[in-house]
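In what follows, a structure is listed as structure tokens, so that the remarks can point back to it.
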Amino acid sequence: MGEVVKGGNAFVPSVPLRIAVRNGLDASAWLLTADGRVRGDADVVFHGAPAHPSGAVRLAGGEDGTVWLEVGLTTVEEEIVRVLVVGSTDGGAIRDVAGPSVEAFAPDGTSVARYDVTDGGGETAMVLAELYRRAGGWKFRAVGQGYLDGLTGLAGDHGVDVAAEDGPRPEPSPVPVPAPAAVPAPAAVPTPTVAVPHPVPAPPVAQPVADWSFGAVFEPYEQHGRDNDVITVDGLPPGPVIVELTLEGGGYTGLWTLDKRNKQKDNLVNSTEHAFRGRLLTVVPERGPLRLRLQADGPWQLRVLPLAAGRRLTEEWLEWGGPDVLLHTAGTADLAIRYRGDDNLIVHLYELAGHEDPTTLPSYENAVNEIGKRRETVPLPEGPVIVHLEMADGPWQARLKGLQPHSAPPTTPMPVPVASAPAVAPVPGTAPIPAPGKVSEPRKVRDWLRRGRR
């Protein structure tokens, strides 16, 4: 059995596969073209439309909390380059599901790939895995990409029109916004001095952004070490921070936050890149220190920085290679990204307008989730916005295009209800979704998405 960690991938045989989605999740399959979108409603396979018109993908029933999908890789249409395996809940969130997993089996019953979800949160839908074409064959990738706004958010990202033709959707009722929490004065943080056998290459220096007001400001914390370790950072004010990690050496690099029970919580790094370097986004808990578990092979340097130390997006190209936390403070614009890596590119947007609690982050909008070399253009709302390149194991460039003046001072929060899910903006340059053929059931798909499951 090939167990795959989040973000990892492995070749699977080009044969008919049976895929198990386990432990109470509802299952669906989404067939995508090269632009990351479905061609129409017929490319969504779910309980209301259990077979794709091509016959290549179908739901094959379920029992004991397991739902089965059958994917005939040799009969998938050439236009389809990716098949998403999606799990969703009938009630509650992914974190409430005991041990969700996805596993692919060959015709003889041999397990060829498996992914166990260990970091489910408040999402109600998740892309568990995907099958995608590579080098004339097919690979299985463990995705683990959740959507707090459920199947409707996932649908918007992949070209399904959820809006009803017979009337507008009701707007959610605004939720009262709590008063801003007072941020305690930062305590002095000691800087440990641990000898490093070899110098670690430093990333570009990020100067604090003058017009960035979200999050506490404190003196950076720095620690050096070698190989696996657990890092404890005391005295930091609660709230979002940047964790900057540089590593000299190869092998696998993993970084997790630890919860109050000393258990692994959020996975910040999951990379096999040689000499990993990256900036990650995490949150210091309100009670207790920030604790991190590092799995590494070789000398490393770790720094904890305030959000204000993130690099600011402008109309000039930023260049680097690895995950990063970028800040957008101006008006509406398009974010142009050139990515030259071979693996995953995942970009999240955190829109801070109306989010007044400096100890937490708002829900993110997933802007990019692709594999291999890409040229992406993503519409950005007015700042302040955190642009988090969560995964980017390769060289990249980023800059703003079509920048507009800010309608209000960047430090003034805009009145946006906290409960409002971020709108999914149209992707520039993409064609409208073609009208469904006679096998499509658009009303049934919309009704399913709008109810979350059934």
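Residues are named by chain letter and number: chains run A, B, ... in the order of the structure tokens, numbers start at 1 in each chain, and ligands are numbered from 1 in the order shown.
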Show which residues sit within 6 Å of Val4 in chain A, as a ChimeraX atom specification. Count only C-alpha atoms, and ignore same-chain residues fewer than 4 positions away. /A:8,114-115
Using DSSP on the backbone coordinates, identify the residues of range 270-322 of chain A assigned to strand (DSSP E or B); present them as a ChimeraX atom specification. /A:270-271,277-284,290-295,299-306,311-312,318-321
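Remark: for Glu103 in chain A, the closest of the candidate residues A:Arg141, A:Arg291, A:Arg303, A:Arg37 is A:Arg141 (distances computed over only C-alpha atoms).
For the set A:Leu73, A:Ala296, A:Ile242, A:Leu258, the residue with the smallest atom-to-atom gap to Asp227 in chain A is A:Ala296, counting only C-alpha atoms.
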Please list as a short mmCIF file (atom, residue, chain, number, x, y, z; two decimals) with N, CA and C atoms, in the first residue's frame every residue within 12 Å of range 50-67 of chain A, counting only C-alpha atoms and excluding residues in the same chain fewer than 6 positions away.
data_model
loop_
_atom_site.label_atom_id
_atom_site.label_comp_id
_atom_site.auth_asym_id
_atom_site.auth_seq_id
_atom_site.Cartn_x
_atom_site.Cartn_y
_atom_site.Cartn_z
N VAL A 15 -5.24 1.73 -14.93
CA VAL A 15 -6.23 0.66 -14.99
C VAL A 15 -7.49 1.18 -14.31
N PRO A 16 -8.61 0.46 -14.41
CA PRO A 16 -9.80 0.86 -13.65
C PRO A 16 -9.52 0.78 -12.15
N LEU A 17 -9.71 1.89 -11.45
CA LEU A 17 -9.47 1.93 -10.01
C LEU A 17 -10.79 2.01 -9.25
N ARG A 18 -10.80 1.37 -8.08
CA ARG A 18 -11.90 1.55 -7.12
C ARG A 18 -11.38 2.40 -5.99
N ILE A 19 -12.10 3.49 -5.69
CA ILE A 19 -11.64 4.47 -4.70
C ILE A 19 -12.63 4.52 -3.55
N ALA A 20 -12.11 4.30 -2.35
CA ALA A 20 -12.93 4.31 -1.14
C ALA A 20 -12.80 5.64 -0.43
N VAL A 21 -13.94 6.27 -0.14
CA VAL A 21 -14.00 7.48 0.69
C VAL A 21 -14.66 7.05 1.99
N ARG A 22 -13.90 7.12 3.08
CA ARG A 22 -14.30 6.42 4.31
C ARG A 22 -14.80 7.33 5.43
N ASN A 23 -15.51 6.65 6.33
CA ASN A 23 -15.92 7.12 7.65
C ASN A 23 -16.97 8.23 7.60
N GLY A 24 -17.99 8.00 6.77
CA GLY A 24 -19.17 8.85 6.83
C GLY A 24 -19.19 10.04 5.91
N LEU A 25 -18.15 10.26 5.14
CA LEU A 25 -18.17 11.37 4.18
C LEU A 25 -18.97 11.00 2.94
N ASP A 26 -19.73 11.96 2.44
CA ASP A 26 -20.36 11.78 1.14
C ASP A 26 -19.28 11.98 0.08
N ALA A 27 -19.37 11.28 -1.04
CA ALA A 27 -18.32 11.33 -2.05
C ALA A 27 -18.88 11.86 -3.37
N SER A 28 -18.04 12.60 -4.08
CA SER A 28 -18.36 13.04 -5.44
C SER A 28 -17.06 13.13 -6.22
N ALA A 29 -17.17 13.17 -7.53
CA ALA A 29 -16.00 13.27 -8.41
C ALA A 29 -16.24 14.45 -9.37
N TRP A 30 -15.18 15.23 -9.60
CA TRP A 30 -15.26 16.42 -10.44
C TRP A 30 -14.21 16.26 -11.54
N LEU A 31 -14.64 16.24 -12.79
CA LEU A 31 -13.75 16.03 -13.92
C LEU A 31 -13.38 17.39 -14.51
N GLY A 40 -19.22 21.51 -17.77
CA GLY A 40 -20.64 21.67 -17.51
C GLY A 40 -21.05 20.79 -16.36
N ASP A 41 -22.33 20.81 -16.02
CA ASP A 41 -22.80 20.05 -14.87
C ASP A 41 -22.60 18.55 -15.01
N ALA A 42 -22.53 18.06 -16.25
CA ALA A 42 -22.36 16.62 -16.45
C ALA A 42 -21.00 16.13 -15.96
N ASP A 43 -20.05 17.03 -15.77
CA ASP A 43 -18.73 16.64 -15.29
C ASP A 43 -18.65 16.53 -13.78
N VAL A 44 -19.79 16.65 -13.09
CA VAL A 44 -19.86 16.43 -11.64
C VAL A 44 -20.63 15.14 -11.40
N LEU A 73 -9.35 4.75 -15.70
CA LEU A 73 -8.36 5.71 -16.18
C LEU A 73 -8.13 5.59 -17.68
N THR A 74 -8.26 4.41 -18.23
CA THR A 74 -8.01 4.24 -19.67
C THR A 74 -9.14 4.78 -20.54
N THR A 75 -10.29 5.07 -19.94
CA THR A 75 -11.44 5.55 -20.73
C THR A 75 -11.79 7.01 -20.43
N VAL A 76 -11.00 7.67 -19.58
CA VAL A 76 -11.25 9.10 -19.32
C VAL A 76 -10.96 9.89 -20.59
N GLU A 77 -11.87 10.77 -20.97
CA GLU A 77 -11.71 11.56 -22.19
C GLU A 77 -10.41 12.36 -22.17
N GLU A 78 -9.79 12.53 -23.33
CA GLU A 78 -8.51 13.22 -23.42
C GLU A 78 -8.59 14.65 -22.90
N GLU A 79 -9.73 15.28 -23.06
CA GLU A 79 -9.88 16.67 -22.61
C GLU A 79 -9.82 16.79 -21.10
N ILE A 80 -10.11 15.71 -20.40
CA ILE A 80 -10.09 15.71 -18.93
C ILE A 80 -8.68 15.39 -18.47
N ARG A 82 -7.71 16.10 -14.98
CA ARG A 82 -7.73 15.86 -13.54
C ARG A 82 -9.10 15.37 -13.11
N VAL A 83 -9.11 14.45 -12.16
CA VAL A 83 -10.34 13.98 -11.54
C VAL A 83 -10.21 14.21 -10.04
N LEU A 84 -11.02 15.12 -9.51
CA LEU A 84 -11.00 15.40 -8.07
C LEU A 84 -11.89 14.41 -7.34
N VAL A 85 -11.40 13.89 -6.22
CA VAL A 85 -12.20 13.06 -5.33
C VAL A 85 -12.55 13.92 -4.12
N VAL A 86 -13.83 14.22 -3.95
CA VAL A 86 -14.30 15.19 -2.96
C VAL A 86 -15.10 14.48 -1.88
N GLY A 87 -14.86 14.85 -0.63
CA GLY A 87 -15.66 14.38 0.49
C GLY A 87 -16.39 15.55 1.11
N SER A 88 -17.65 15.35 1.51
CA SER A 88 -18.42 16.42 2.14
C SER A 88 -19.24 15.83 3.27
N THR A 89 -19.70 16.70 4.17
CA THR A 89 -20.44 16.25 5.34
C THR A 89 -21.92 16.53 5.18
N VAL A 97 -15.54 14.29 11.81
CA VAL A 97 -15.52 12.95 11.21
C VAL A 97 -14.33 12.17 11.78
N ALA A 98 -14.58 10.98 12.24
CA ALA A 98 -13.52 10.17 12.86
C ALA A 98 -12.68 9.49 11.78
N GLY A 99 -11.46 9.97 11.58
CA GLY A 99 -10.53 9.32 10.67
C GLY A 99 -10.93 9.30 9.22
N PRO A 100 -11.28 10.45 8.60
CA PRO A 100 -11.60 10.43 7.17
C PRO A 100 -10.39 10.03 6.34
N SER A 101 -10.62 9.28 5.27
CA SER A 101 -9.51 8.84 4.43
C SER A 101 -10.01 8.55 3.03
N VAL A 102 -9.07 8.47 2.09
CA VAL A 102 -9.37 8.08 0.71
C VAL A 102 -8.31 7.08 0.29
N GLU A 103 -8.72 6.00 -0.39
CA GLU A 103 -7.78 4.94 -0.76
C GLU A 103 -8.16 4.39 -2.13
N LEU A 131 -6.64 12.57 -9.16
CA LEU A 131 -5.92 11.78 -10.14
C LEU A 131 -5.62 12.71 -11.31
N PRO A 436 -25.14 22.87 -20.82
CA PRO A 436 -25.08 21.43 -20.65
C PRO A 436 -25.81 20.70 -21.76
N GLY A 437 -25.32 19.50 -22.07
CA GLY A 437 -25.96 18.67 -23.08
C GLY A 437 -27.19 17.98 -22.53
N LYS A 438 -27.76 17.11 -23.32
CA LYS A 438 -29.02 16.50 -22.92
C LYS A 438 -28.87 15.58 -21.73
N VAL A 439 -27.63 15.13 -21.42
CA VAL A 439 -27.46 14.24 -20.29
C VAL A 439 -27.30 15.02 -18.99
N SER A 440 -27.15 16.35 -19.07
CA SER A 440 -26.91 17.15 -17.87
C SER A 440 -28.21 17.44 -17.14
N GLU A 441 -28.10 17.58 -15.80
CA GLU A 441 -29.25 17.92 -14.99
C GLU A 441 -28.89 19.13 -14.14
N LYS A 444 -30.71 19.91 -10.76
CA LYS A 444 -30.40 18.94 -9.72
C LYS A 444 -29.02 19.21 -9.11
N VAL A 445 -28.04 19.54 -9.95
CA VAL A 445 -26.71 19.87 -9.44
C VAL A 445 -26.77 21.10 -8.55
#
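Using only C-alpha atoms for every distance, the candidate list A:Thr152, A:Thr232, A:Ser363, A:Thr314 yields A:Thr232 as the residue closest to Leu302 in chain A.
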Please provide the set of residues having any atom within 9 Å of Thr359 in chain A, restricted to only C-alpha atoms, with same-chain residues fewer than 6 positions apart removed, written as an NGL selection string. :A and (181 or 183 or 215-216 or 237-240 or 283-286)
Would you mind exporting the chosen residues as a compact mmCIF listing (two decimals), in the first residue's frame, restricted to N, CA, C and O atoms?
# COMPACT_ATOMS: atom_id res chain seq x y z
N ALA A 181 -10.19 43.01 20.33
CA ALA A 181 -9.55 42.56 21.56
C ALA A 181 -8.28 43.35 21.80
O ALA A 181 -7.55 43.69 20.88
N VAL A 183 -4.61 44.08 22.61
CA VAL A 183 -3.37 43.34 22.40
C VAL A 183 -2.39 43.69 23.50
O VAL A 183 -2.04 44.86 23.67
N GLY A 215 -2.40 42.95 13.54
CA GLY A 215 -1.47 42.07 14.24
C GLY A 215 -0.50 42.85 15.11
O GLY A 215 -0.16 44.00 14.84
N ALA A 216 -0.08 42.21 16.18
CA ALA A 216 0.84 42.84 17.12
C ALA A 216 2.24 42.93 16.53
O ALA A 216 2.63 42.15 15.67
N PRO A 237 2.77 37.87 21.84
CA PRO A 237 1.35 38.21 21.93
C PRO A 237 0.53 37.27 21.06
O PRO A 237 1.00 36.83 20.01
N PRO A 238 -0.70 36.96 21.45
CA PRO A 238 -1.52 36.04 20.64
C PRO A 238 -1.90 36.66 19.31
O PRO A 238 -2.07 37.88 19.19
N GLY A 239 -2.03 35.81 18.30
CA GLY A 239 -2.45 36.28 16.99
C GLY A 239 -1.59 35.75 15.87
O GLY A 239 -0.63 35.00 16.10
N PRO A 240 -1.90 36.14 14.64
CA PRO A 240 -1.16 35.63 13.47
C PRO A 240 0.29 36.12 13.44
O PRO A 240 0.58 37.28 13.75
N VAL A 283 -0.80 30.96 13.90
CA VAL A 283 -1.41 31.81 14.92
C VAL A 283 -0.88 31.40 16.29
O VAL A 283 -0.91 30.22 16.65
N VAL A 284 -0.38 32.37 17.05
CA VAL A 284 0.05 32.14 18.43
C VAL A 284 -1.21 31.99 19.29
O VAL A 284 -2.10 32.84 19.24
N PRO A 285 -1.33 30.91 20.07
CA PRO A 285 -2.54 30.73 20.88
C PRO A 285 -2.67 31.79 21.96
O PRO A 285 -1.69 32.40 22.40
N GLU A 286 -3.92 32.03 22.40
CA GLU A 286 -4.16 33.04 23.43
C GLU A 286 -3.58 32.61 24.78
O GLU A 286 -3.17 33.45 25.57
Closest atom pairs, residues of range 272-303 of chain A within 8 Å of range 384-396 of chain A, only C-alpha atoms, as a tab-separated table:
residue	atom	partner	partner_atom	distance
A:Glu273	CA	A:Asp393	CA	6.7
A:Leu280	CA	A:Glu390	CA	6.9
A:Leu281	CA	A:His388	CA	7.2
Excluding same-chain residues fewer than 6 positions from Asp119 in chain A, what lies within 8 Å of it counting only C-alpha atoms, as number ranges by chain? A: 95, 265-267
Please save C-alpha atoms of the selected residues as a tab-separated table (two decimals), in the first residue's frame.
chain	number	residue	atom	x	y	z
A	95	ARG	CA	-13.06	17.74	12.11
A	265	LYS	CA	-2.19	20.24	14.99
A	266	ASP	CA	-1.56	22.27	11.82
A	267	ASN	CA	0.91	21.13	9.18
